[in-house]
$ cat data28.csv   # CSV, C-alpha atoms
chain,number,residue,atom,x,y,z
M,26,MET,CA,0.0,0.0,0.0
M,27,GLN,CA,1.4,3.4,-1.0
M,28,ILE,CA,1.2,6.4,1.3
M,29,ASN,CA,-1.0,9.2,0.1
M,30,GLN,CA,1.3,12.2,0.7
M,31,GLY,CA,-1.7,14.6,0.2
M,32,ASP,CA,-3.6,12.9,3.1
M,33,LEU,CA,-0.5,13.0,5.3
M,34,LEU,CA,0.0,16.6,4.4
M,35,ARG,CA,-3.6,17.4,5.4
M,36,THR,CA,-3.1,15.6,8.7
M,37,LYS,CA,0.2,17.5,9.5
M,38,ILE,CA,-1.4,20.8,8.7
M,39,ALA,CA,-4.4,20.0,10.9
M,40,GLN,CA,-2.1,18.9,13.7
M,41,SER,CA,-0.3,22.2,13.5
M,42,ARG,CA,-3.6,24.0,14.1
M,43,MET,CA,-2.6,26.6,11.5
M,44,LYS,CA,-5.1,27.7,8.9
M,45,VAL,CA,-4.5,26.4,5.4
M,46,GLN,CA,-4.4,30.0,4.1
M,47,ASP,CA,-1.7,30.9,6.6
M,48,VAL,CA,0.4,27.9,5.7
M,49,ALA,CA,0.0,28.6,2.0
M,50,LYS,CA,0.9,32.3,2.5
M,51,GLN,CA,4.0,31.5,4.5
M,52,ALA,CA,5.1,28.8,2.1
M,53,LYS,CA,4.6,31.3,-0.8
M,54,LEU,CA,2.0,29.1,-2.4
M,55,PRO,CA,-1.5,29.9,-3.5
M,56,PRO,CA,-4.1,28.2,-1.2
M,57,SER,CA,-5.5,26.4,-4.2
M,58,SER,CA,-2.1,24.8,-4.8
M,59,LEU,CA,-2.1,23.5,-1.2
M,60,TYR,CA,-5.7,22.1,-1.6
M,61,ASP,CA,-4.6,20.5,-4.9
M,62,MET,CA,-1.7,18.9,-3.0
M,63,TYR,CA,-4.2,17.2,-0.7
M,64,LYS,CA,-5.5,15.3,-3.6
M,65,ARG,CA,-2.1,14.0,-4.8
M,66,THR,CA,-0.4,10.7,-4.0
M,67,ASP,CA,3.0,12.3,-4.7
M,68,VAL,CA,3.6,15.9,-3.7
M,69,PRO,CA,6.5,17.7,-5.5
M,70,ARG,CA,9.4,17.8,-3.1
M,71,SER,CA,10.0,21.6,-3.4
M,72,LYS,CA,6.4,22.4,-2.4
M,73,LEU,CA,6.5,19.8,0.4
M,74,GLN,CA,9.7,21.3,1.7
M,75,ALA,CA,8.2,24.7,1.7
M,76,VAL,CA,5.2,23.5,3.7
M,77,CYS,CA,7.4,21.5,6.1
M,78,ASP,CA,9.5,24.6,6.7
M,79,VAL,CA,6.4,26.6,7.7
M,80,LEU,CA,5.3,23.7,10.0
M,81,GLY,CA,8.7,23.6,11.5
M,82,ILE,CA,9.4,20.0,10.6
M,83,SER,CA,11.9,18.3,8.3
M,84,ILE,CA,10.9,16.1,5.4
M,85,ARG,CA,12.0,13.1,7.5
M,86,GLU,CA,9.8,14.2,10.4
M,87,PHE,CA,6.9,14.6,7.9
M,88,TYR,CA,7.0,10.8,7.4
M,89,MET,CA,7.7,9.9,11.0
M,90,ASP,CA,4.1,9.5,11.9
M,91,MET,CA,2.8,6.5,13.9
M,92,GLU,CA,0.8,5.4,10.9
M,93,THR,CA,3.6,6.0,8.4
M,94,ASP,CA,5.8,3.1,7.6
M,95,PRO,CA,8.8,3.7,5.3
M,96,GLU,CA,7.9,0.3,3.7
M,97,GLN,CA,4.8,2.0,2.3
M,98,LEU,CA,6.7,4.6,0.3
M,99,THR,CA,7.0,4.0,-3.4
M,100,ASN,CA,10.5,3.0,-4.5
M,101,GLU,CA,10.9,6.6,-5.8
M,102,GLY,CA,9.8,8.0,-2.5
M,103,GLN,CA,12.2,5.8,-0.6
M,104,ALA,CA,15.1,6.8,-2.7
M,105,GLU,CA,14.3,10.5,-2.5
M,106,TYR,CA,13.5,10.7,1.2
M,107,PHE,CA,15.4,7.9,2.8
M,108,PRO,CA,18.7,6.3,1.8
M,109,THR,CA,18.6,2.5,1.7
M,110,ALA,CA,20.7,2.1,4.8
M,111,GLN,CA,18.4,4.4,6.7
M,112,ILE,CA,15.3,2.5,5.6
M,113,GLU,CA,16.8,-0.7,7.1
M,114,MET,CA,17.6,1.1,10.3
M,115,LEU,CA,14.1,2.5,10.5
M,116,ARG,CA,12.6,-0.9,10.0
M,117,ARG,CA,14.8,-2.3,12.8
M,118,GLU,CA,14.0,0.7,15.0
M,119,CYS,CA,10.2,0.2,14.4
M,120,GLY,CA,10.5,-3.4,15.4
M,121,PHE,CA,12.4,-2.5,18.6
M,122,LEU,CA,9.9,0.3,19.5
M,123,LYS,CA,7.0,-2.1,19.0
M,124,GLU,CA,8.7,-4.5,21.5
M,125,GLN,CA,9.3,-1.6,23.9
M,126,VAL,CA,5.6,-0.7,23.8
M,127,LYS,CA,4.6,-4.3,24.5
M,128,HIS,CA,6.9,-4.4,27.6
M,129,LEU,CA,5.6,-1.0,28.8
M,130,ASN,CA,2.0,-2.2,28.5
M,131,THR,CA,2.9,-5.2,30.6
M,132,ILE,CA,4.5,-3.0,33.2
M,133,ILE,CA,1.5,-0.7,33.2
M,134,ALA,CA,-0.8,-3.7,33.7
M,135,LEU,CA,1.3,-5.0,36.6
M,136,LEU,CA,1.3,-1.5,38.2
M,137,ASN,CA,-2.5,-1.2,37.8
M,138,GLU,CA,-2.9,-4.6,39.5
M,139,LYS,CA,-0.7,-3.5,42.5
M,140,LEU,CA,-2.6,-0.3,42.7
M,141,ALA,CA,-5.9,-2.1,42.8
M,142,ALA,CA,-4.6,-4.4,45.5
M,143,LEU,CA,-3.4,-1.5,47.6
M,144,GLN,CA,-6.7,0.5,47.4
M,145,PRO,CA,-8.7,-1.9,49.6
M,146,GLN,CA,-5.9,-1.9,52.2
M,147,GLN,CA,-5.9,1.9,52.3
M,148,ARG,CA,-9.7,1.9,53.0
M,149,ASN,CA,-9.1,-0.2,56.1
M,150,LEU,CA,-6.7,2.3,57.6

$ encode --input "data28.csv" --output "C-alpha cells"
Amino acid sequence: MQINQGDLLRTKIAQSRMKVQDVAKQAKLPPSSLYDMYKRTDVPRSKLQAVCDVLGISIREFYMDMETDPEQLTNEGQAEYFPTAQIEMLRRECGFLKEQVKHLNTIIALLNEKLAALQPQQRNL
C-alpha cells in the first residue's frame, strides 16, 4: 500500500492548528495549490519542503508518523527521502519500538494490579 502524501500533508497541517491559508501564504504558495496537493499521492518535493519549513518539521519528520511506515513509500519516494541504509535502520527501530511498547504495556498492567490491590488496604486504615 502506498502512502498518500496529500492525506498525510492534510493531517500534518491540521495537527499544527494553522489555517491552510496561513500555511500557504508563509510557504509562498496559492491556497488552491495547497488544496490540490491534498488530492495527490505524490507531492512535489519543493512544495512539500516549503510547507514543512512553515510547519517547523523536516521532510524526514513529515514521514515519522505512527501510521507512516517507510515500507509503504513508493521506491521513488524511498530513494528520494530515505537512503537504503536508513530504511533498514528505520525498520529495525520500528520493530524495537513495538517490542518496547509491549513491555511498557505489561509494566502498566502490573502496576495497575498492584494499585488495585493497595486500594482496599488503604480503605481499612

$ atom_distance --input "data28.csv" --atom1 "atom CA of Val68 of chain M" --atom2 "atom CA of Leu115 of chain M"
22.2 Å

$ closest_residue --input "data28.csv" --among "M:Val48, M:Leu59, M:Met43, M:Leu136" --to "Gly31 of chain M" --atoms "only C-alpha atoms"
M:Leu59

$ closest_residue --input "data28.csv" --among "M:Met114, M:Leu122, M:Leu140, M:Leu54" --to "Ser71 of chain M" --atoms "all atoms listed in the file"
M:Leu54

$ residues_near_point --input "data28.csv" --point "(-2.0, 17.1, -4.7)" --cutoff "12 Å" --atoms "all atoms listed in the file" --output "PyMOL selection string"
chain M and resi 29-35+56-70+72-73

$ closest_residue --input "data28.csv" --among "M:Arg42, M:Arg116, M:Lys139, M:Lys50" --to "Met89 of chain M" --atoms "only C-alpha atoms"
M:Arg116

$ residues_around --input "data28.csv" --residues "Ala52 of chain M" --least-positions-apart "5" --cutoff "9 Å" --atoms "all atoms listed in the file" --output "ChimeraX atom specification"
/M:47,72,74-79

$ atom_distance --input "data28.csv" --atom1 "atom CA of Gln46 of chain M" --atom2 "atom CA of Ile84 of chain M"
20.7 Å

$ atom_distance --input "data28.csv" --atom1 "atom CA of Ala142 of chain M" --atom2 "atom CA of Val126 of chain M"
24.3 Å
